[in-house]
file data02.txt (compact mmCIF, C-alpha atoms)
# COMPACT_ATOMS: atom_id res chain seq x y z
CA MET A 16 -281.87 73.65 56.14
CA ASP A 17 -280.02 71.40 53.77
CA LYS A 18 -279.34 68.96 56.55
CA LYS A 19 -282.97 68.80 57.57
CA PHE A 20 -283.87 68.05 53.97
CA ALA A 21 -281.32 65.27 53.82
CA VAL A 22 -282.72 63.70 57.01
CA GLN A 23 -286.24 63.77 55.60
CA ARG A 24 -285.11 62.22 52.38
CA SER A 25 -283.08 59.49 54.00
CA SER A 26 -286.06 58.51 56.12
CA ALA A 27 -288.07 58.32 52.89
CA LEU A 28 -285.45 55.93 51.55
CA GLU A 29 -285.54 53.91 54.76
CA ASN A 30 -289.29 53.62 54.38
CA LEU A 31 -288.84 52.39 50.84
CA GLU A 32 -286.25 49.87 51.91
CA ARG A 33 -288.38 48.69 54.83
CA ARG A 34 -291.24 48.12 52.44
CA LEU A 35 -289.00 46.21 50.08
CA PHE A 36 -287.67 44.09 52.92
CA LEU A 37 -291.17 43.31 54.12
CA LYS A 38 -292.21 42.26 50.64
CA ARG A 39 -289.17 40.06 50.30
CA SER A 40 -289.91 38.29 53.57
CA LEU A 41 -293.52 37.79 52.54
CA SER A 42 -292.59 36.21 49.23
CA LEU A 43 -289.99 34.01 50.91
CA GLY A 44 -292.70 32.79 53.26
CA ALA A 45 -295.02 32.16 50.35
CA LEU A 46 -292.26 30.24 48.59
CA ALA A 47 -291.65 28.07 51.65
CA MET A 48 -295.34 27.18 51.82
CA LEU A 49 -295.31 26.08 48.19
CA ALA A 50 -292.85 23.27 48.94
CA GLY A 51 -294.34 20.13 47.46
CA CYS A 52 -292.94 17.15 45.69
CA ASP A 53 -291.90 19.15 42.65
CA ILE A 54 -288.14 18.83 42.25
CA THR A 55 -287.77 22.58 41.69
CA ASP A 56 -289.11 23.28 45.18
CA GLN A 57 -286.61 21.09 47.00
CA GLU A 58 -284.34 23.25 49.08
CA GLY A 59 -280.99 22.04 47.75
CA VAL A 60 -282.16 22.20 44.14
CA GLN A 61 -283.61 25.66 44.75
CA ARG A 62 -280.29 26.85 46.17
CA VAL A 63 -278.36 25.60 43.14
CA LEU A 64 -280.85 27.17 40.74
CA MET A 65 -280.76 30.51 42.57
CA GLY A 66 -276.96 30.34 42.59
CA MET A 67 -276.96 29.78 38.84
CA SER A 68 -279.33 32.73 38.44
CA ARG A 69 -276.82 34.96 40.32
CA TRP A 70 -274.08 33.58 38.06
CA ASN A 71 -276.23 34.43 35.04
CA ASP A 72 -276.61 37.99 36.38
CA ALA A 73 -272.81 38.28 36.31
CA ALA A 74 -272.56 36.68 32.86
CA GLN A 75 -275.14 39.06 31.44
CA GLN A 76 -273.50 42.07 33.05
CA TRP A 77 -270.32 41.00 31.30
CA LEU A 78 -272.07 40.50 27.93
CA PHE A 79 -273.89 43.84 28.19
CA SER A 80 -272.45 46.61 26.04
CA SER A 81 -273.11 50.24 26.97
CA THR A 82 -272.87 51.26 23.33
CA ARG A 83 -274.63 48.42 21.49
CA LEU A 84 -278.12 49.64 20.59
CA ALA A 85 -281.36 47.70 20.47
CA PRO A 86 -282.78 47.66 16.91
CA GLU A 87 -285.17 50.51 16.08
CA PHE A 88 -288.06 50.00 13.68
CA PRO A 89 -290.13 52.13 11.29
CA GLU A 90 -293.47 53.27 12.75
CA SER A 91 -295.26 51.02 10.26
CA ARG A 92 -294.00 48.04 12.28
CA ILE A 93 -295.68 49.15 15.53
CA THR A 94 -297.87 46.35 16.96
CA ARG A 95 -301.49 47.49 17.16
CA PRO A 96 -303.01 47.17 19.62
CA PHE A 97 -299.93 47.00 21.81
CA PRO A 98 -300.62 44.28 24.40
CA PHE A 99 -301.35 45.22 28.01
CA ASN A 100 -299.32 43.33 30.59
CA GLY A 101 -298.90 43.53 34.33
CA TYR A 102 -299.23 41.50 37.50
CA TYR A 103 -302.95 42.33 37.58
CA SER A 104 -305.59 42.34 34.87
CA GLU A 105 -306.40 45.29 32.65
CA ASP A 106 -309.58 46.26 34.56
CA GLU A 107 -307.49 46.76 37.71
CA VAL A 108 -305.19 49.36 36.17
CA ARG A 109 -304.51 52.20 38.65
CA VAL A 110 -305.72 55.63 37.62
CA ILE A 111 -303.38 58.31 38.90
CA ASP A 112 -304.20 62.00 39.30
CA GLY A 113 -301.49 63.78 37.34
CA SER A 114 -302.28 67.22 38.73
CA LYS A 115 -301.23 66.15 42.24
CA PHE A 116 -298.48 63.81 41.13
CA LYS A 117 -294.89 64.27 42.27
CA LEU A 118 -291.98 62.03 41.40
CA GLU A 119 -289.98 61.37 44.58
CA LEU A 120 -286.22 60.90 44.58
CA ALA A 121 -284.14 59.21 47.26
CA GLY A 122 -280.79 57.64 47.99
CA MET A 123 -277.44 58.59 46.46
CA ILE A 124 -278.75 61.64 44.58
CA ARG A 125 -277.53 65.23 45.07
CA SER A 126 -280.78 67.10 44.23
CA ARG A 127 -283.59 65.13 45.77
CA GLU A 128 -286.39 67.66 45.26
CA SER A 129 -289.50 65.97 43.89
CA TRP A 130 -290.61 66.67 40.31
CA THR A 131 -294.05 67.64 39.01
CA LEU A 132 -295.20 66.38 35.62
CA PRO A 133 -294.97 69.80 33.86
CA GLU A 134 -291.39 70.07 35.10
CA LEU A 135 -290.58 66.65 33.65
CA TYR A 136 -292.36 67.42 30.36
CA ALA A 137 -290.22 70.54 30.00
CA LEU A 138 -287.02 68.49 29.77
CA PRO A 139 -285.60 67.67 26.30
CA GLN A 140 -287.61 64.74 24.90
CA VAL A 141 -286.56 61.86 22.62
CA SER A 142 -288.51 59.06 20.89
CA GLN A 143 -287.83 55.43 20.07
CA VAL A 144 -289.63 52.65 18.20
CA THR A 145 -288.27 49.49 19.77
CA ARG A 146 -289.25 45.92 20.51
CA HIS A 147 -290.62 44.93 23.88
CA ILE A 148 -289.78 41.30 24.64
CA CYS A 149 -291.77 39.60 27.37
CA VAL A 150 -290.23 36.99 29.68
CA GLU A 151 -293.02 34.71 28.40
CA GLY A 152 -291.51 34.80 24.92
CA TRP A 153 -293.83 37.04 22.88
CA SER A 154 -292.68 40.37 21.54
CA ALA A 155 -294.33 43.59 20.36
CA ILE A 156 -293.04 46.82 18.83
CA GLY A 157 -294.06 50.16 20.32
CA LYS A 158 -293.17 53.85 20.29
CA TRP A 159 -292.20 55.65 23.48
CA SER A 160 -291.19 59.26 24.08
CA GLY A 161 -289.66 60.89 27.10
CA VAL A 162 -286.41 62.04 28.61
CA ARG A 163 -283.21 60.06 28.14
CA PHE A 164 -282.72 58.51 31.57
CA SER A 165 -278.97 59.16 31.66
CA ASP A 166 -279.73 62.88 31.08
CA PHE A 167 -282.20 62.84 33.95
CA LEU A 168 -279.75 61.05 36.27
CA ALA A 169 -277.11 63.66 35.39
CA ARG A 170 -279.56 66.51 36.02
CA ILE A 171 -280.49 65.29 39.50
CA GLY A 172 -276.87 64.57 40.37
CA ALA A 173 -277.25 60.82 40.80
CA ASP A 174 -274.11 59.04 41.95
CA THR A 175 -273.50 56.97 38.82
CA THR A 176 -270.80 54.95 40.58
CA ALA A 177 -273.59 53.33 42.64
CA LYS A 178 -274.64 49.82 41.69
CA TYR A 179 -278.41 50.05 41.43
CA VAL A 180 -281.28 52.28 40.46
CA GLY A 181 -284.52 51.23 42.15
CA PHE A 182 -288.15 52.05 41.45
CA GLN A 183 -291.21 52.15 43.63
CA CYS A 184 -294.43 52.29 41.64
CA ALA A 185 -297.89 53.65 42.36
CA ASP A 186 -299.39 50.20 41.65
CA ASP A 187 -297.19 48.64 44.39
CA TYR A 188 -294.89 47.17 41.78
CA TYR A 189 -291.20 47.65 42.46
CA GLY A 190 -287.97 46.82 40.70
CA SER A 191 -284.35 47.68 40.15
CA ILE A 192 -281.73 47.74 37.41
CA ASP A 193 -277.95 47.90 37.17
CA MET A 194 -276.34 51.33 36.73
CA ALA A 195 -274.80 50.40 33.34
CA THR A 196 -278.26 49.78 31.90
CA ALA A 197 -279.64 52.91 33.57
CA LEU A 198 -277.00 54.92 31.68
CA HIS A 199 -277.54 53.15 28.33
CA PRO A 200 -278.43 55.73 25.63
CA GLN A 201 -281.79 54.06 24.86
CA THR A 202 -282.98 53.80 28.45
CA GLN A 203 -285.79 56.33 28.63
CA LEU A 204 -288.09 57.78 31.29
CA SER A 205 -291.20 57.74 29.10
CA PHE A 206 -294.22 60.03 29.36
CA ARG A 207 -295.84 59.34 26.01
CA TYR A 208 -296.84 56.28 24.01
CA ASP A 209 -297.30 56.47 20.23
CA GLY A 210 -297.59 60.26 20.28
CA GLU A 211 -300.22 60.35 23.08
CA LEU A 212 -299.85 60.95 26.78
CA LEU A 213 -299.02 57.55 28.31
CA PRO A 214 -302.44 55.94 28.90
CA PRO A 215 -303.04 54.35 32.36
CA LYS A 216 -302.68 50.80 30.99
CA TYR A 217 -299.18 51.58 29.69
CA GLY A 218 -298.07 53.16 32.95
CA TYR A 219 -299.28 56.77 33.39
CA PRO A 220 -297.71 59.04 34.43
CA MET A 221 -294.38 57.47 33.50
CA LYS A 222 -292.60 54.22 32.86
CA LEU A 223 -288.98 53.36 32.39
CA ARG A 224 -288.50 52.05 28.88
CA ILE A 225 -285.45 49.78 28.58
CA PRO A 226 -285.17 48.11 25.17
CA THR A 227 -282.12 46.14 26.39
CA LYS A 228 -284.15 44.33 29.06
CA LEU A 229 -287.19 42.05 29.23
CA GLY A 230 -290.60 43.66 29.63
CA PHE A 231 -291.03 43.10 33.38
CA LYS A 232 -287.83 45.12 33.97
CA ASN A 233 -289.65 48.19 32.54
CA PRO A 234 -291.57 49.53 35.58
CA LYS A 235 -294.82 51.46 34.99
CA HIS A 236 -296.55 54.09 37.19
CA ILE A 237 -293.17 55.07 38.68
CA ALA A 238 -293.68 57.11 41.87
CA ALA A 239 -290.17 57.11 43.34
CA ILE A 240 -286.65 56.58 42.02
CA PHE A 241 -283.72 55.80 44.30
CA VAL A 242 -280.01 55.15 43.80
CA THR A 243 -278.33 52.66 46.09
CA ASN A 244 -275.57 50.12 46.57
CA GLN A 245 -277.91 47.72 48.41
CA TYR A 246 -279.56 45.17 46.14
CA PRO A 247 -283.21 46.28 46.01
CA GLY A 248 -284.64 43.19 44.23
CA GLY A 249 -287.96 43.41 42.45
CA TYR A 250 -291.54 42.14 42.42
CA TRP A 251 -291.00 39.29 39.94
CA GLU A 252 -287.41 38.63 40.97
CA GLU A 253 -288.68 37.63 44.44
CA GLN A 254 -290.76 35.00 42.67
CA GLY A 255 -287.86 33.60 40.74
CA TYR A 256 -287.32 35.60 37.58
CA ASN A 257 -283.70 36.39 36.85
CA TRP A 258 -282.75 39.86 38.12
CA PHE A 259 -280.57 41.14 35.25
CA SER A 260 -282.88 39.83 32.50
CA GLY A 261 -281.06 41.67 29.73
CA SER A 262 -281.76 41.30 26.03
CA MET B 11 -255.13 -14.95 24.98
CA SER B 12 -256.12 -12.88 27.96
CA ALA B 13 -259.64 -11.48 28.32
CA ASP B 14 -258.23 -8.00 27.80
CA GLN B 15 -257.08 -8.79 24.31
CA ARG B 16 -260.44 -10.18 23.32
CA THR B 17 -262.27 -6.97 24.13
CA MET B 18 -262.21 -3.91 21.96
CA LEU B 19 -262.79 -0.28 22.93
CA ILE B 20 -265.52 1.16 20.68
CA HIS B 21 -266.61 4.20 22.73
CA PRO B 22 -263.71 6.21 24.20
CA LEU B 23 -264.17 7.50 27.76
CA VAL B 24 -264.58 11.13 26.59
CA VAL B 25 -267.43 10.10 24.31
CA ARG B 26 -269.18 8.10 27.06
CA VAL B 27 -268.90 10.87 29.65
CA CYS B 28 -270.06 13.51 27.15
CA HIS B 29 -272.92 11.25 26.03
CA TRP B 30 -274.40 10.79 29.50
CA LEU B 31 -273.88 14.40 30.55
CA ASN B 32 -275.60 15.37 27.32
CA VAL B 33 -278.51 13.03 28.08
CA LEU B 34 -278.99 14.87 31.37
CA ALA B 35 -278.54 18.32 29.80
CA VAL B 36 -280.91 17.65 26.88
CA LEU B 37 -283.55 16.22 29.23
CA ILE B 38 -283.37 19.37 31.37
CA MET B 39 -283.35 21.69 28.36
CA ILE B 40 -286.25 20.02 26.54
CA THR B 41 -288.57 19.53 29.52
CA SER B 42 -287.96 23.04 30.91
CA GLY B 43 -288.18 24.40 27.36
CA TRP B 44 -291.64 22.88 27.05
CA ALA B 45 -292.78 24.75 30.16
CA ILE B 46 -291.36 27.99 28.71
CA TYR B 47 -293.14 27.28 25.41
CA ASN B 48 -296.43 26.95 27.32
CA ALA B 49 -296.10 30.51 28.67
CA SER B 50 -296.61 31.81 25.14
CA PRO B 51 -297.29 28.95 22.69
CA LEU B 52 -296.18 29.43 19.08
CA PHE B 53 -298.83 27.00 17.84
CA GLY B 54 -302.35 25.98 18.82
CA PHE B 55 -301.28 23.41 21.38
CA GLU B 56 -299.60 23.23 24.77
CA ILE B 57 -297.24 20.60 26.14
CA PRO B 58 -298.90 18.52 28.89
CA TYR B 59 -297.90 20.01 32.25
CA GLY B 60 -296.94 16.60 33.67
CA ILE B 61 -293.95 16.17 31.35
CA THR B 62 -292.58 19.69 31.84
CA LEU B 63 -289.90 20.76 34.32
CA GLY B 64 -289.87 23.73 36.65
CA GLY B 65 -293.45 23.98 37.93
CA TRP B 66 -294.13 27.36 36.34
CA LEU B 67 -292.37 29.85 34.07
CA ALA B 68 -289.85 31.20 36.62
CA GLY B 69 -288.80 27.71 37.71
CA ALA B 70 -288.58 26.51 34.12
CA LEU B 71 -286.43 29.50 33.14
CA GLN B 72 -284.12 28.83 36.10
CA TRP B 73 -283.66 25.23 34.97
CA HIS B 74 -283.22 26.26 31.34
CA PHE B 75 -280.60 28.93 32.08
CA ALA B 76 -278.74 26.66 34.50
CA GLY B 77 -278.89 23.63 32.18
CA MET B 78 -277.64 25.65 29.21
CA TRP B 79 -274.16 25.88 30.75
CA LEU B 80 -273.89 22.11 31.15
CA PHE B 81 -275.33 21.63 27.66
CA ALA B 82 -273.03 24.18 25.96
CA ILE B 83 -269.78 23.41 27.80
CA ASN B 84 -270.22 19.64 27.48
CA GLY B 85 -271.20 20.04 23.83
CA LEU B 86 -268.19 22.21 23.12
CA ALA B 87 -265.84 19.69 24.77
CA TYR B 88 -267.38 16.87 22.72
CA VAL B 89 -267.22 18.74 19.40
CA LEU B 90 -263.61 19.82 19.98
CA TYR B 91 -262.68 16.23 20.86
CA GLY B 92 -264.56 14.87 17.85
CA LEU B 93 -262.92 17.28 15.44
CA PHE B 94 -259.35 17.11 16.70
CA SER B 95 -259.09 13.42 17.64
CA GLY B 96 -260.42 12.30 14.25
CA HIS B 97 -263.37 10.63 16.03
CA PHE B 98 -265.95 12.36 13.81
CA ARG B 99 -264.04 11.57 10.62
CA ARG B 100 -263.54 7.91 11.56
CA LYS B 101 -267.01 7.22 12.91
CA LEU B 102 -269.34 9.58 11.03
CA LEU B 103 -267.94 9.67 7.49
CA PRO B 104 -268.72 8.98 4.73
CA ILE B 105 -272.43 9.84 4.57
CA SER B 106 -273.99 9.36 1.13
CA PRO B 107 -277.68 10.09 0.56
CA SER B 108 -278.30 6.89 -1.40
CA ALA B 109 -276.71 4.77 1.35
CA ILE B 110 -278.91 6.52 3.95
CA LEU B 111 -282.03 5.73 1.91
CA SER B 112 -281.18 2.06 1.47
CA ASP B 113 -280.33 1.77 5.20
CA VAL B 114 -283.63 3.37 6.21
CA ARG B 115 -285.47 1.05 3.81
CA ASP B 116 -283.74 -1.97 5.33
CA ALA B 117 -284.43 -0.70 8.85
CA LEU B 118 -288.14 -0.29 8.15
CA ARG B 119 -288.24 -3.86 6.80
CA GLY B 120 -286.46 -4.98 9.96
CA LYS B 121 -283.45 -6.13 7.96
CA LEU B 122 -280.83 -3.55 8.88
CA ALA B 123 -277.81 -5.38 10.22
CA HIS B 124 -275.75 -3.94 13.06
CA ASP B 125 -273.49 -6.93 13.76
CA ASP B 126 -270.26 -4.99 14.21
CA LEU B 127 -270.95 -2.43 16.93
CA SER B 128 -267.67 -0.66 16.23
CA VAL B 129 -268.94 0.52 12.86
CA TYR B 130 -272.01 2.73 12.40
CA ASN B 131 -274.23 2.11 9.37
CA THR B 132 -274.97 5.11 7.17
CA ALA B 133 -278.37 5.79 8.71
CA GLN B 134 -276.72 5.97 12.14
CA ARG B 135 -273.93 8.19 10.86
CA ALA B 136 -276.46 10.55 9.28
CA ALA B 137 -278.61 10.63 12.43
CA TYR B 138 -275.66 11.30 14.76
CA ALA B 139 -274.20 13.95 12.45
CA ALA B 140 -277.62 15.60 12.15
CA LEU B 141 -277.98 15.51 15.91
CA ILE B 142 -274.65 17.29 16.38
CA VAL B 143 -275.65 19.96 13.84
CA LEU B 144 -279.05 20.36 15.50
CA LEU B 145 -277.49 20.81 18.93
CA VAL B 146 -275.33 23.58 17.47
CA VAL B 147 -278.47 25.15 15.92
CA MET B 148 -280.11 24.90 19.34
CA ILE B 149 -277.29 26.84 20.96
CA ALA B 150 -277.16 29.49 18.20
CA THR B 151 -280.92 30.11 18.20
CA GLY B 152 -280.96 29.96 22.00
CA ILE B 153 -278.31 32.68 22.23
CA VAL B 154 -280.36 34.93 19.91
CA ILE B 155 -283.53 34.37 21.98
CA TRP B 156 -281.64 34.99 25.25
CA LYS B 157 -279.68 38.00 23.96
CA PRO B 158 -281.43 39.44 20.86
CA VAL B 159 -279.72 42.82 21.32
CA GLN B 160 -276.18 41.77 22.25
CA PHE B 161 -276.20 39.08 19.50
CA TYR B 162 -278.31 41.00 17.01
CA TRP B 163 -275.79 40.20 14.23
CA MET B 164 -276.31 36.49 14.78
CA GLY B 165 -280.08 36.91 14.65
CA GLN B 166 -279.79 38.28 11.13
CA TRP B 167 -279.08 34.71 9.96
CA MET B 168 -282.30 33.34 11.38
CA GLY B 169 -285.06 35.93 11.02
CA ASP B 170 -284.18 37.90 14.15
CA TYR B 171 -285.76 37.20 17.55
CA GLU B 172 -289.08 35.80 16.32
CA GLY B 173 -287.42 33.68 13.62
CA ALA B 174 -285.04 32.27 16.21
CA ARG B 175 -287.99 31.25 18.42
CA TYR B 176 -289.49 29.16 15.62
CA LEU B 177 -286.14 27.64 14.63
CA HIS B 178 -285.43 26.83 18.27
CA PHE B 179 -288.75 24.99 18.43
CA PHE B 180 -288.29 23.08 15.15
CA ALA B 181 -284.74 22.05 16.06
CA MET B 182 -286.09 20.81 19.42
CA ALA B 183 -288.75 18.77 17.59
CA ALA B 184 -286.12 17.26 15.28
CA ILE B 185 -283.88 16.40 18.25
CA ALA B 186 -286.80 14.82 20.11
CA PHE B 187 -287.55 12.73 17.01
CA ILE B 188 -283.95 11.54 16.59
CA VAL B 189 -283.68 10.76 20.31
CA PHE B 190 -286.93 8.78 20.11
CA VAL B 191 -285.70 6.70 17.14
CA HIS B 192 -282.31 6.27 18.86
CA VAL B 193 -283.92 4.91 22.04
CA VAL B 194 -286.18 2.58 20.00
CA MET B 195 -283.11 1.27 18.18
CA VAL B 196 -281.29 0.66 21.46
CA ALA B 197 -284.34 -1.27 22.66
CA LEU B 198 -284.23 -3.38 19.48
CA VAL B 199 -280.48 -4.04 19.79
CA PRO B 200 -280.09 -4.05 23.60
CA ARG B 201 -276.47 -5.22 23.59
CA THR B 202 -275.52 -1.71 22.44
CA LEU B 203 -276.57 -0.27 25.80
CA PRO B 204 -273.84 -1.70 28.09
CA THR B 205 -271.19 -0.58 25.61
CA MET B 206 -272.20 3.02 26.28
CA PHE B 207 -271.16 2.46 29.92
CA THR B 208 -268.14 0.18 29.56
CA GLY B 209 -267.06 1.34 26.14
CA LYS B 210 -266.04 -2.23 25.27
CA ILE B 211 -267.28 -5.14 23.18
CA ARG B 212 -266.03 -8.71 23.12
CA HIS B 213 -264.16 -9.52 19.95
CA GLY B 214 -265.18 -12.37 17.66
call {"tool": "encode", "arguments": {"input": "data02.txt", "output": "structure tokens"}}
result
Amino acid sequence: MDKKFAVQRSSALENLERRLFLKRSLSLGALAMLAGCDITDQEGVQRVLMGMSRWNDAAQQWLFSSTRLAPEFPESRITRPFPFNGYYSEDEVRVIDGSKFKLELAGMIRSRESWTLPELYALPQVSQVTRHICVEGWSAIGKWSGVRFSDFLARIGADTTAKYVGFQCADDYYGSIDMATALHPQTQLSFRYDGELLPPKYGYPMKLRIPTKLGFKNPKHIAAIFVTNQYPGGYWEEQGYNWFSGS
Amino acid sequence: MSADQRTMLIHPLVVRVCHWLNVLAVLIMITSGWAIYNASPLFGFEIPYGITLGGWLAGALQWHFAGMWLFAINGLAYVLYGLFSGHFRRKLLPISPSAILSDVRDALRGKLAHDDLSVYNTAQRAAYAALIVLLVVMIATGIVIWKPVQFYWMGQWMGDYEGARYLHFFAMAAIAFIVFVHVVMVALVPRTLPTMFTGKIRHG
């Protein structure tokens, strides 16, 4: 019984990874077609820049402290309205049916049963008022509530010696973070924004709130979480954004 | 007298190497920085796309975060050399405000003399010293923008993340201005240019 379950789950992970691989190949193809006379697109230059980006991943991993906290703010400082951002415009936001929703788990996790929303809401909840910093430069302060992600990882028996935690989202977004950041005390699997159920534009039914990373590293509409040692990449990373992107 | 004895070294090799590496680094940092600025402008204008580096935000960020290592390591080497060799003390001091003003006045009237290339006038000394300070400000504000959580303590000296963004921009503008004046001055006194490659001037 257990074994059968494990087989099912690992094929779910394979599916995820196949999808990720396909996406990666597609973006690589798109990148190759972009080659023009711009110096950034020249192959040798691109290789050096990508190499430096990998080096910057390592540098940031080294600078990252598991105990240093992002500043928290009084609720009076919350930015209203909090800006919407995504790889599509606000009128294309996916509306997800919460009653049928199940969070899937895969990879190096002991208990890979899926979770319904009421089950997730029943876990101990915490709140934070922190600053979201976008890769574009702007910043905004918001309030998120949910379960501390390290608590959730402990509860599902995630192998915290693994390198990466990856996310597949219901809006076809995907991403991944380093395990150290996943275990940071302020990294939160958020179900609520500013006291209300997370509205669709902010990532219903859940987003991962990481105040120690740039905004695009905070996936919304999370549908599946997996733990792995294979670099899973991410939607924007395939287009050139730095993977670690820590604050 | 041999030719060797009639020439004098005014720019040591370290200074020349650091200068040209810094030219490259600052060009990369400013032009890619302009593209990053355009992704979320602080003011009501954008930098013309044609003079930016990186194509779009991701490319610009890659250039910026690659160039920063060249900029910071080269800058650190130069500042350490300048402090410990006595180069800064010899070449950049003294700087008195009244002497700067009279030099600038002379320069604007086209009367500022720069006959002895081994000695900087006060306006030059002030500009070069300001440039060094500004490059340090650039690095400090840049670190706070790049790592506002890990270097939160440093941000407290410059209005946190958002304050650092503005300071980073203003310091860039000041650097661009000094570089512009510097290049105009080189164009007006062209014999200064080869000395930045050879390091030497003929004596007397």
call {"tool": "closest_residue", "arguments": {"input": "data02.txt", "among": "A:Ser80, A:Ser262, A:Ile225, A:Tyr246", "to": "Ile153 in chain B", "atoms": "only C-alpha atoms"}}
result
A:Ser262
call {"tool": "interface_residues", "arguments": {"input": "data02.txt", "of": "chain A", "to": "chain B", "cutoff": "6 Å", "atoms": "all atoms listed in the file", "output": "PyMOL selection string"}}
result
chain A and resi 55+64+67+85+151-152+255-256+262
call {"tool": "residues_around", "arguments": {"input": "data02.txt", "residues": "range 134-144 of chain B", "least_positions_apart": "5", "cutoff": "9 Å", "atoms": "only C-alpha atoms", "output": "ChimeraX atom specification"}}
result
/B:85,89,98,101-107,110,113,149,181-182,184-185,188-189,192
call {"tool": "residues_around", "arguments": {"input": "data02.txt", "residues": "range 115-125 of chain A", "least_positions_apart": "3", "cutoff": "9 Å", "atoms": "all atoms listed in the file", "output": "PyMOL selection string"}}
result
chain A and resi 24-25+27-28+111-112+128-132+168+171-175+177+220+237-244
call {"tool": "residues_around", "arguments": {"input": "data02.txt", "residues": "Ser260 in chain A", "least_positions_apart": "6", "cutoff": "10 Å", "atoms": "all atoms listed in the file", "output": "count of residues only"}}
result
16
call {"tool": "atom_distance", "arguments": {"input": "data02.txt", "atom1": "CA of Val36 in chain B", "atom2": "CA of Ile61 in chain B"}}
result
13.9 Å
call {"tool": "axis_aligned_box", "arguments": {"input": "data02.txt", "around": "range 76-82 of chain B", "padding_each_side": "5 Å", "output": "lines of an AutoDock Vina configuration file"}}
result
center_x = -276.0
center_y = 24.1
center_z = 30.2
size_x = 15.9
size_y = 15.0
size_z = 18.5
call {"tool": "residues_around", "arguments": {"input": "data02.txt", "residues": "Val141 in chain A", "least_positions_apart": "6", "cutoff": "12 Å", "atoms": "all atoms listed in the file", "output": "PyMOL selection string"}}
result
chain A and resi 158-164+166+200-208+210+224
call {"tool": "closest_residue", "arguments": {"input": "data02.txt", "among": "A:Pro86, A:Gly218, A:Pro234, A:Pro96", "to": "Thr145 in chain A", "atoms": "only C-alpha atoms"}}
result
A:Pro86
call {"tool": "closest_residue", "arguments": {"input": "data02.txt", "among": "A:Trp258, A:Trp153, A:Asn233, A:Gly190", "to": "Tyr176 in chain B", "atoms": "only C-alpha atoms"}}
result
A:Trp153
call {"tool": "atom_distance", "arguments": {"input": "data02.txt", "atom1": "CA of Trp44 in chain B", "atom2": "CA of Ala183 in chain B"}}
result
10.7 Å
call {"tool": "closest_residue", "arguments": {"input": "data02.txt", "among": "A:Pro226, A:Gly181, A:Pro214, A:Gly101", "to": "Val144 in chain A", "atoms": "all atoms listed in the file"}}
result
A:Pro226
call {"tool": "atom_distance", "arguments": {"input": "data02.txt", "atom1": "CA of Tyr130 in chain B", "atom2": "CA of Ile83 in chain B"}}
result
25.9 Å
call {"tool": "residues_around", "arguments": {"input": "data02.txt", "residues": "Lys235 in chain A", "least_positions_apart": "6", "cutoff": "8 Å", "atoms": "all atoms listed in the file", "output": "list of chain:residue names"}}
result
A:Cys184, A:Tyr217, A:Gly218, A:Tyr219, A:Met221, A:Lys222, A:Leu223
call {"tool": "residues_near_point", "arguments": {"input": "data02.txt", "point": "(-280.1, 10.0, 27.8)", "cutoff": "12 Å", "atoms": "all atoms listed in the file", "output": "PyMOL selection string"}}
result
chain B and resi 26-38+40+186+188-190+192-193+196+203+206-207
call {"tool": "closest_residue", "arguments": {"input": "data02.txt", "among": "B:Leu90, B:Met18, B:Ala82, B:Asp170", "to": "Ser154 in chain A", "atoms": "all atoms listed in the file"}}
result
B:Asp170
